[in-house]
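S.K.: Input: one structure, supplied below.
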Amino acid sequence: MNELLAHFKQLTPTGYLFWILAFVTVLSAIVVVTARNPIHSVLALIATFFCLSGHYVLLNAQFLAAVNIIVYAGAIMVLFLFTIMFLNLRKEDEESKTSLAKIAAVIVGGTLMVLMLGIFKAAQVGSYNAIAFDAKTGLVENLGMVLYGDYLLPFELASVLFLVAMVGAVMLGKREAGDRHF
Amino acid sequence: MLPIILLSVFGIALLFLGFAKSKAILLPATLLFIAIAFGASFVDWGKNYMYFNDMLLSTNLSIAFTAIVLLSAFMVVSLSSSFLEDESAQPAEYYAIMLFSLVGAIMMISFENLIMLFVGVEILSVAMYVLTGSDKRNLRSNEAALKYFLMGSFATGIMLFGLALLYGTSGSFVLSDLRSYVNGGVAYGSPLLLYMGLLLLLVGILFKVSAAPFHFWTPDVYEGAPTLFTAFMSTVVKTAGFAALLRLLSFSFTGIYSFWGVILMAVTVITLVVSNFTAVYQSSFKRMMAYSSISHAGYLLIALTAVGQQSKQALVFYSLAYSVATIAAFGVLLVVSRHQSGEGKPTDESYDAFNGLARQNPLLGFIMTVAMLSLAGIPLTAGFWGKFMVFTTAANRGIFWLLVVAVLMSAVSIYYYFRVIIAMYLRDGQTTAIRVAPFYRYVLIAATILTIVLGILPNLVRSLV
C-alpha cells in the first residue's frame with residue numbers, strides 16, 4: 001500500500017491522466033458486460049472507445065486515436081445501435097447458463113486474471129530513450145511510410161480479408177428460395 | 001508468393017465470371033485456376049526466398065504444405081458439381097470465397113512475420129464462417145455458422161492478445177528476431193510476458209485446428225455445414241494450422257521447448273483420449289468424422305512436439321494421407337446422401353445411410369473402405385505410414401508413455417471406422433445403384449489410388465521434404 005502511495009506522489013500530470021483514464025476505461029468496460037439494458041451496454045462501449053483513444057494519445061499515436069473515434073465510436077457503434085433497435089431486445093432474457101457453467105467460467109477467468117496480474121507484476125518491460133524519441137512517430141506521415149513500405153504486403157492482403165467478408169455478407173444476405181443438398 | 005497473387009486475382013476473376021449466363025464454365029475455370037496456382041507454387045522449389053521485407057519465406061517445406069492444401073482444394077472443388085444443378089445456389093461466390101480462403105491458408109503456411117500469420121488466419125476463418133452458413137434455409141447450418149463465428153472471433157481475440165504480448169517483450173513480429181530474443185533472452189532472466197504471449201497464441205491456433213480442450217465447436221460445425229465445405233474445412237484448415245504451428249514452434253521457440261513441449265503433450269493426450277472415446281458413441285457419420293478429425297489433430301501434435309527434420313516429414317506425410325482419405329470419405333457420403341434425397345427419402349447422415357451400399361455399388365464401397373482403412377492406419381494404406389512416422393518421432397525421443405496412449409487410442413479408432421465398412425458390406429439395405437458423374441468418379445478413384453500408392457511407396461513423398 002505504501003509503495004502505491006509513494007508511486008502516486010511522484011506522478012507527473014500525464015501519469016495522473018493515465019490513471020484516471022485507466023480507471024474510467026475499466027469501469028465502463030465492466031458496465032458493458034454487466035448492464036441489463038443493451039442500450040446502456042452500447043453507450044458504455046462508446047465511453048470505453050473514447051477512453052482507449054485517450055490512451056492512444058498518451059502513447060503518442062494521434063492518428064490512431066482519431067481513426068479509433070471515427071471508425072469505432074462513430075460508424076460501428078451506430079450500426080450496433082441500429083441492430084439493437086431493429087431486434088427490439090427490450091424484454092429481459094432469462095439467464096440460460098447453469099450454475100455449473102458459471103462456476104467453471106469464474107474459475108477459468110479467475111485463473112487467467114491471477115496469472116496475468118502475476119506476470120505483469122514480475123515482467124521486465126522494455127525501456128526507451130526519451131531524448132532520441134521522435135515525437136512525430138504516430139502521425140499520418142510516418143504511419144503511411146511504414147504501411148506502404150515495410151508492411152505493404154499484409155496491408156494489401158488485408159483487402160482480400162475485406163473482400164471475403166463483403167462477398168460473404170452479400171451472399172448470405174441475398175434472398176433465395178428452396179433448399180439445397182450438397 | 002506467386003500462388004498468393006494468382007489466387008487473389010483469380011478469385012476476383014471468378015466473381016466476374018459469375019455474371020455469365022451459363023454457370024457451366026465456373027467449375028472448369030476454378031479447377032484450372034487452382035491447377036495454375038499449384039504449378040506456380042513450385043517455381044521457388046529448392047530456393048529459400050524472403051519476400052517483401054521479411055514478410056513471407058518460401059522453403060521446400062512451405063511449398064510442400066502449399067501443394068497439399070491446393071491438392072485438397074482441387075479435389076473438393078471437383079466434387080462440387082452439384083452447385084451447378086442447384087437453381088438457388090451461388091456457385092461463383094462459393095468458388096471465389098474458397099480461392100480467397102486458400103490465400104489465407106498459404107499465408108499461414110509461409111509466414112515470416114506474425115502479422116502475416118494473423119491476417120492469414122483471419123482470411124481463412126472468415127471464409128469458413130461464411131461457407132458454414134451458406135445453406136441459408138437450413139437451421140442447423142445457421143446455428144453452426146453463428147456458433148463458429150462467435151467462438152472463432154473469441155479465439156482470434158485471444159490469439160491477438162498473445163501476439164501483442166510477444167511484440168511487447170521482443171519488440172518485433174519477425175520470426176528470426178523472436179528466435180534470437182528467445183535464445184538470448186531466457187539466459188538473463190525469465191521473460192514471463194513471452195511465455196504468456198506464446199501460451200495465448202497457442203490457444204488461438206489450437207482452437208483453429210480443433211485440439212481437445214478447444215474442440216467443442218467442431219462436431220456441431222462439421223455436422224451443420226454443407227458436407228462439401230466440411231470436407232474443405234477438415235483438410236485445408238487443419239493442414240494450414242499445423243503448418244503454422246510447425247513454423248512458429250520449430251523455428252522461433254525451440255529455445256523454450258521445456259515450456260511449450262509439456263503443454264502440447266498434455267493437449268495431445270487430452271485430444272486423443274476425449275476424441276476417440278466420444279467418436280465411439282456417435283450415431284451420425286458426419287459427427288464421427290468430426291471427432292476423427294479431432295483425433296488426427298492429436299496424432300499430428302505428437303509429431304509437432306518432436307522438433308527436427310523427422311517431424312517435418314511426418315507432418316507433411318500425415319497431412320497428405322489424412323486429407324486425401326478424408327476427402328474420399330466425404331465424397332462418398334455426398335453421393336449417397338444426394339442419391340437419397342433424389343429418391344425423396346429424408347437425408348440421412350448416420351451409419352445406416354451406408355447399409356448395403358457395396359452390393360449395388362462395389363466401386364463406392366471400395367473407395368470408402370480404403371479411406372476408412374487409411375484413417376484407421378491399417379498397413380498398405382497411406383494412413384499406416386503416416387501414423388508410423390508420427391510414432392517413430394515419439395519413440396526416438398524415448399517418450400514411450402505418449403506412444404502407448406497413442407497406439408491404444410488408434411486401436412479404439414478401428415472400432416468406429418470399421419462400423420462403416422461393416423454397414424456397407426454386411427448389413428442389408430435398399431440402396432440402389434448410384435449414378436456417379438465420370439469426373440467425380442475419376443477424382444475419387446485418384447484419391448484411392450494415391451492412398452494405396454503412398455501406402456506401398458511412402459518414400460515418394462518423404463524423400464521430397
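Each chain in the C-alpha cells gets a letter, A, B and so on, in the order shown; residues start at 1 in every chain, and ligands are counted from 1 in the order they appear.
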Using only C-alpha atoms, determine which residues lie at most 9 Å from segment 8-20 of chain A, disregarding the query and same-chain residues fewer than 4 positions distant; provide the list as a PDB file with C-alpha atoms, in the first residue's frame.
M.R.:
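Output contents, as saved in out15.pdb:
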```
ATOM      1  CA  GLU A   3       4.550   1.593  -2.345  1.00  0.00           C
ATOM      2  CA  LEU A   4       1.395   2.524  -4.207  1.00  0.00           C
ATOM      3  CA  VAL A  24     -12.699   5.062 -16.378  1.00  0.00           C
ATOM      4  CA  THR A  25     -11.832   2.551 -19.136  1.00  0.00           C
ATOM      5  CA  GLY A  54      -7.222   8.852 -24.873  1.00  0.00           C
ATOM      6  CA  HIS A  55      -4.708   6.089 -24.208  1.00  0.00           C
ATOM      7  CA  LEU A  58      -0.883   9.315 -24.338  1.00  0.00           C
TER       8      LEU A  58
END
```
S.K.: Fewer than 5 positions away in the same chain doesn't count, so skip those; otherwise give me all residues within 12 Å of Ala376 of chain B, counting only C-alpha atoms, as an MDAnalysis selection string.
M.R.: chainID B and resid 276 289 292:293 295:296 299 321:322 325:326 369:371 381:388 407 409:421
S.K.: Next, write the just-selected residues to a file, as a short mmCIF file (atom, residue, chain, number, x, y, z; two decimals), in the first residue's frame, keeping N, CA, C and O atoms as the atom set.
M.R.:
```cif
data_model
loop_
_atom_site.label_atom_id
_atom_site.label_comp_id
_atom_site.auth_asym_id
_atom_site.auth_seq_id
_atom_site.Cartn_x
_atom_site.Cartn_y
_atom_site.Cartn_z
N ASN B 276 -11.34 -39.97 -29.30
CA ASN B 276 -11.59 -41.35 -29.72
C ASN B 276 -12.73 -41.98 -28.94
O ASN B 276 -13.55 -42.70 -29.51
N MET B 289 -16.90 -38.29 -38.17
CA MET B 289 -15.77 -37.74 -38.91
C MET B 289 -15.21 -36.49 -38.22
O MET B 289 -14.02 -36.23 -38.27
N SER B 292 -13.18 -37.77 -35.50
CA SER B 292 -11.99 -38.38 -36.10
C SER B 292 -11.00 -37.29 -36.49
O SER B 292 -9.79 -37.45 -36.30
N SER B 293 -11.52 -36.15 -36.98
CA SER B 293 -10.57 -35.09 -37.35
C SER B 293 -9.91 -34.51 -36.11
O SER B 293 -8.74 -34.13 -36.15
N SER B 295 -9.19 -36.31 -33.47
CA SER B 295 -8.19 -37.29 -33.04
C SER B 295 -6.95 -37.22 -33.93
O SER B 295 -5.82 -37.38 -33.45
N HIS B 296 -7.16 -36.95 -35.24
CA HIS B 296 -5.98 -36.82 -36.11
C HIS B 296 -5.17 -35.58 -35.74
O HIS B 296 -3.94 -35.59 -35.89
N TYR B 299 -2.76 -36.85 -33.24
CA TYR B 299 -1.58 -37.54 -33.77
C TYR B 299 -0.59 -36.54 -34.34
O TYR B 299 0.63 -36.68 -34.18
N ALA B 321 -1.82 -37.79 -46.27
CA ALA B 321 -2.59 -39.03 -46.16
C ALA B 321 -3.97 -38.75 -45.58
O ALA B 321 -5.00 -39.24 -46.09
N TYR B 322 -4.02 -37.91 -44.53
CA TYR B 322 -5.29 -37.60 -43.87
C TYR B 322 -6.21 -36.84 -44.82
O TYR B 322 -7.41 -37.16 -44.92
N ALA B 325 -7.67 -39.15 -47.68
CA ALA B 325 -8.65 -40.13 -47.19
C ALA B 325 -9.93 -39.43 -46.77
O ALA B 325 -11.05 -39.90 -47.04
N THR B 326 -9.81 -38.27 -46.09
CA THR B 326 -11.00 -37.56 -45.62
C THR B 326 -11.85 -37.10 -46.79
O THR B 326 -13.08 -37.23 -46.77
N THR B 369 -14.02 -47.97 -48.23
CA THR B 369 -13.24 -48.91 -47.41
C THR B 369 -11.79 -48.49 -47.32
O THR B 369 -11.20 -48.44 -46.23
N VAL B 370 -11.21 -48.13 -48.48
CA VAL B 370 -9.81 -47.72 -48.46
C VAL B 370 -9.64 -46.46 -47.61
O VAL B 370 -8.68 -46.36 -46.82
N ALA B 371 -10.59 -45.52 -47.76
CA ALA B 371 -10.48 -44.28 -46.98
C ALA B 371 -10.52 -44.58 -45.49
O ALA B 371 -9.72 -44.07 -44.71
N THR B 381 -1.91 -48.83 -46.59
CA THR B 381 -2.54 -47.55 -46.94
C THR B 381 -1.62 -46.44 -46.45
O THR B 381 -0.76 -46.65 -45.61
N ALA B 382 -1.87 -45.23 -46.98
CA ALA B 382 -1.01 -44.10 -46.62
C ALA B 382 -1.10 -43.79 -45.14
O ALA B 382 -0.13 -43.40 -44.51
N GLY B 383 -2.31 -43.97 -44.56
CA GLY B 383 -2.50 -43.66 -43.15
C GLY B 383 -1.58 -44.44 -42.24
O GLY B 383 -1.14 -43.95 -41.21
N PHE B 384 -1.27 -45.69 -42.64
CA PHE B 384 -0.37 -46.51 -41.82
C PHE B 384 0.99 -45.86 -41.70
O PHE B 384 1.54 -45.72 -40.60
N TRP B 385 1.54 -45.45 -42.86
CA TRP B 385 2.88 -44.86 -42.83
C TRP B 385 2.86 -43.52 -42.12
O TRP B 385 3.82 -43.16 -41.45
N GLY B 386 1.74 -42.78 -42.26
CA GLY B 386 1.62 -41.52 -41.54
C GLY B 386 1.74 -41.75 -40.04
O GLY B 386 2.57 -41.14 -39.35
N LYS B 387 0.94 -42.70 -39.55
CA LYS B 387 0.98 -43.00 -38.11
C LYS B 387 2.36 -43.54 -37.73
O LYS B 387 2.91 -43.19 -36.68
N PHE B 388 2.92 -44.39 -38.61
CA PHE B 388 4.22 -44.98 -38.31
C PHE B 388 5.28 -43.90 -38.11
O PHE B 388 6.02 -43.90 -37.13
N VAL B 407 -1.07 -45.46 -29.39
CA VAL B 407 -1.37 -46.75 -30.03
C VAL B 407 -2.69 -47.30 -29.52
O VAL B 407 -3.52 -47.79 -30.30
N MET B 409 -5.22 -45.61 -28.43
CA MET B 409 -6.32 -44.82 -28.97
C MET B 409 -6.55 -45.13 -30.44
O MET B 409 -7.67 -45.11 -30.91
N SER B 410 -5.46 -45.43 -31.17
CA SER B 410 -5.72 -45.76 -32.57
C SER B 410 -6.35 -47.14 -32.68
O SER B 410 -7.05 -47.42 -33.65
N ALA B 411 -6.15 -47.99 -31.68
CA ALA B 411 -6.88 -49.26 -31.65
C ALA B 411 -8.37 -49.00 -31.42
O ALA B 411 -9.23 -49.63 -32.05
N VAL B 412 -8.68 -48.04 -30.54
CA VAL B 412 -10.09 -47.69 -30.32
C VAL B 412 -10.70 -47.17 -31.62
O VAL B 412 -11.84 -47.49 -31.96
N SER B 413 -9.91 -46.39 -32.36
CA SER B 413 -10.47 -45.76 -33.56
C SER B 413 -10.87 -46.80 -34.60
O SER B 413 -11.76 -46.55 -35.40
N ILE B 414 -10.20 -47.97 -34.58
CA ILE B 414 -10.56 -49.00 -35.56
C ILE B 414 -12.03 -49.38 -35.43
O ILE B 414 -12.72 -49.61 -36.41
N TYR B 415 -12.54 -49.34 -34.19
CA TYR B 415 -13.94 -49.72 -33.97
C TYR B 415 -14.88 -48.85 -34.78
O TYR B 415 -15.71 -49.35 -35.53
N TYR B 416 -14.73 -47.53 -34.65
CA TYR B 416 -15.73 -46.70 -35.34
C TYR B 416 -15.49 -46.57 -36.82
O TYR B 416 -16.42 -46.33 -37.58
N TYR B 417 -14.23 -46.76 -37.27
CA TYR B 417 -14.04 -46.75 -38.72
C TYR B 417 -14.60 -48.02 -39.35
O TYR B 417 -15.16 -47.99 -40.44
N PHE B 418 -14.46 -49.14 -38.65
CA PHE B 418 -14.95 -50.39 -39.22
C PHE B 418 -16.46 -50.49 -39.19
O PHE B 418 -17.03 -51.29 -39.92
N ARG B 419 -17.10 -49.70 -38.35
CA ARG B 419 -18.57 -49.72 -38.35
C ARG B 419 -19.10 -49.36 -39.73
O ARG B 419 -20.11 -49.91 -40.19
N VAL B 420 -18.45 -48.40 -40.41
CA VAL B 420 -18.88 -48.00 -41.74
C VAL B 420 -18.71 -49.16 -42.71
O VAL B 420 -19.61 -49.48 -43.51
N ILE B 421 -17.54 -49.83 -42.63
CA ILE B 421 -17.26 -50.93 -43.56
C ILE B 421 -18.26 -52.07 -43.34
O ILE B 421 -18.81 -52.64 -44.29
#
```
S.K.: Would you pick out the contacts of segment 36-46 of chain B at 9 Å or less, using only C-alpha atoms, so that residues sharing its chain but fewer than 6 positions from it are not included, and give the list as an MDAnalysis selection string?
M.R.: chainID B and resid 1:4 6:7 58:60 63:64 66:67 70:71
S.K.: Within 12 Å of segment 442-458 of chain B, counting only C-alpha atoms, which residues qualify if same-chain residues fewer than 5 places away don't, as JSON, numbers by chain?
M.R.: {"B": [71, 72, 74, 75, 76, 77, 78, 79, 80, 313, 314, 316, 317, 318, 320, 321, 322, 323, 324, 325, 326, 327, 328, 329, 330, 331, 332, 333, 334, 335, 363, 364, 365, 366, 367, 368, 369, 370, 371, 372, 373, 374, 375, 377, 378, 379, 380, 381, 382, 383, 384, 385, 386, 387, 388, 389, 436, 437, 463, 464]}
S.K.: Could you list, as a ChimeraX atom specification, the residues of chain A having an atom within 6 Å of chain B when counting only C-alpha atoms?
M.R.: /A:119,123,150,154,161,168,182
S.K.: Generate a file of the selected residues that holds all heavy atoms, formatted as a PDB file, in the first residue's frame.
M.R.:
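This is the output file result_8.pdb:
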```pdb
ATOM      1  N   ILE A 119       2.086 -12.106 -13.794  1.00  0.00           N
ATOM      2  CA  ILE A 119       3.087 -11.964 -14.853  1.00  0.00           C
ATOM      3  C   ILE A 119       3.403 -10.503 -15.113  1.00  0.00           C
ATOM      4  O   ILE A 119       4.559 -10.113 -15.246  1.00  0.00           O
ATOM      5  CB  ILE A 119       2.601 -12.684 -16.117  1.00  0.00           C
ATOM      6  CG1 ILE A 119       2.821 -14.178 -15.940  1.00  0.00           C
ATOM      7  CG2 ILE A 119       3.329 -12.188 -17.342  1.00  0.00           C
ATOM      8  CD1 ILE A 119       2.256 -15.009 -17.014  1.00  0.00           C
ATOM      9  N   ALA A 123       7.066  -8.965 -14.781  1.00  0.00           N
ATOM     10  CA  ALA A 123       7.685  -8.830 -16.100  1.00  0.00           C
ATOM     11  C   ALA A 123       8.654  -7.662 -16.146  1.00  0.00           C
ATOM     12  O   ALA A 123       8.489  -6.663 -15.448  1.00  0.00           O
ATOM     13  CB  ALA A 123       6.609  -8.640 -17.156  1.00  0.00           C
ATOM     14  N   ASP A 150       7.437  -1.080 -45.287  1.00  0.00           N
ATOM     15  CA  ASP A 150       7.709  -2.384 -44.691  1.00  0.00           C
ATOM     16  C   ASP A 150       6.493  -3.303 -44.730  1.00  0.00           C
ATOM     17  O   ASP A 150       6.612  -4.492 -44.971  1.00  0.00           O
ATOM     18  CB  ASP A 150       8.136  -2.211 -43.221  1.00  0.00           C
ATOM     19  CG  ASP A 150       9.479  -1.543 -43.124  1.00  0.00           C
ATOM     20  OD1 ASP A 150      10.142  -1.438 -44.171  1.00  0.00           O
ATOM     21  OD2 ASP A 150       9.874  -1.128 -42.018  1.00  0.00           O
ATOM     22  N   PRO A 154       1.148  -7.272 -46.030  1.00  0.00           N
ATOM     23  CA  PRO A 154      -0.042  -7.508 -45.203  1.00  0.00           C
ATOM     24  C   PRO A 154      -1.113  -6.437 -45.398  1.00  0.00           C
ATOM     25  O   PRO A 154      -2.309  -6.739 -45.321  1.00  0.00           O
ATOM     26  CB  PRO A 154       0.486  -7.496 -43.768  1.00  0.00           C
ATOM     27  CG  PRO A 154       1.862  -7.023 -43.832  1.00  0.00           C
ATOM     28  CD  PRO A 154       2.355  -7.204 -45.218  1.00  0.00           C
ATOM     29  N   LEU A 161      -9.047  -9.961 -47.149  1.00  0.00           N
ATOM     30  CA  LEU A 161      -9.895 -10.267 -45.995  1.00  0.00           C
ATOM     31  C   LEU A 161     -11.223  -9.513 -46.091  1.00  0.00           C
ATOM     32  O   LEU A 161     -12.303 -10.094 -45.913  1.00  0.00           O
ATOM     33  CB  LEU A 161      -9.144  -9.892 -44.718  1.00  0.00           C
ATOM     34  CG  LEU A 161      -9.885  -9.974 -43.397  1.00  0.00           C
ATOM     35  CD1 LEU A 161     -10.360 -11.375 -43.143  1.00  0.00           C
ATOM     36  CD2 LEU A 161      -8.987  -9.539 -42.266  1.00  0.00           C
ATOM     37  N   GLY A 168     -19.111 -12.528 -48.672  1.00  0.00           N
ATOM     38  CA  GLY A 168     -19.885 -13.377 -47.774  1.00  0.00           C
ATOM     39  C   GLY A 168     -21.144 -12.687 -47.293  1.00  0.00           C
ATOM     40  O   GLY A 168     -22.218 -13.296 -47.250  1.00  0.00           O
ATOM     41  N   PHE A 182     -25.990 -30.389 -50.775  1.00  0.00           N
ATOM     42  CA  PHE A 182     -24.606 -30.722 -51.108  1.00  0.00           C
ATOM     43  C   PHE A 182     -23.770 -30.678 -49.862  1.00  0.00           C
ATOM     44  O   PHE A 182     -24.139 -30.140 -48.851  1.00  0.00           O
ATOM     45  CB  PHE A 182     -24.014 -29.819 -52.176  1.00  0.00           C
ATOM     46  CG  PHE A 182     -24.191 -28.347 -51.931  1.00  0.00           C
ATOM     47  CD1 PHE A 182     -23.386 -27.661 -51.062  1.00  0.00           C
ATOM     48  CD2 PHE A 182     -25.198 -27.676 -52.594  1.00  0.00           C
ATOM     49  CE1 PHE A 182     -23.558 -26.313 -50.853  1.00  0.00           C
ATOM     50  CE2 PHE A 182     -25.371 -26.326 -52.381  1.00  0.00           C
ATOM     51  CZ  PHE A 182     -24.570 -25.632 -51.507  1.00  0.00           C
TER      52      PHE A 182
END
```
S.K.: Determine, counting only C-alpha atoms, which protein, DNA and RNA residues have an atom within 7 Å of an atom of Ser41 of chain A; residues of the same chain fewer than 5 positions away are not included. Present the result as a list in words.
M.R.: Val31, Val32, Val33 and Ala35 of chain A
S.K.: With C-alpha atoms retained, export the selected residues as a short mmCIF file (atom, residue, chain, number, x, y, z; two decimals), in the first residue's frame.
M.R.:
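So result.cif came out as:
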```cif
data_model
loop_
_atom_site.label_atom_id
_atom_site.label_comp_id
_atom_site.auth_asym_id
_atom_site.auth_seq_id
_atom_site.Cartn_x
_atom_site.Cartn_y
_atom_site.Cartn_z
CA VAL A 31 -20.60 -1.72 -17.30
CA VAL A 32 -20.66 -3.04 -20.90
CA VAL A 33 -20.66 -6.60 -19.62
CA ALA A 35 -25.60 -3.75 -17.92
#
```
S.K.: From a DSSP pass on the backbone, collect the residues of chain A flagged as alpha helix (DSSP H) and hand them back as an MDAnalysis selection string.
M.R.: chainID A and resid 2:9 13:34 38:58 62:68 77:87 99:122 140:148 152:173
S.K.: Looking at B:Ser210, B:Gln340, B:Thr431, B:Ser110, which one is nearest to Ala297 of chain B, with distances taken over only C-alpha atoms?
M.R.: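 The answer is B:Ser210, which sits nearest to Ala297 of chain B.
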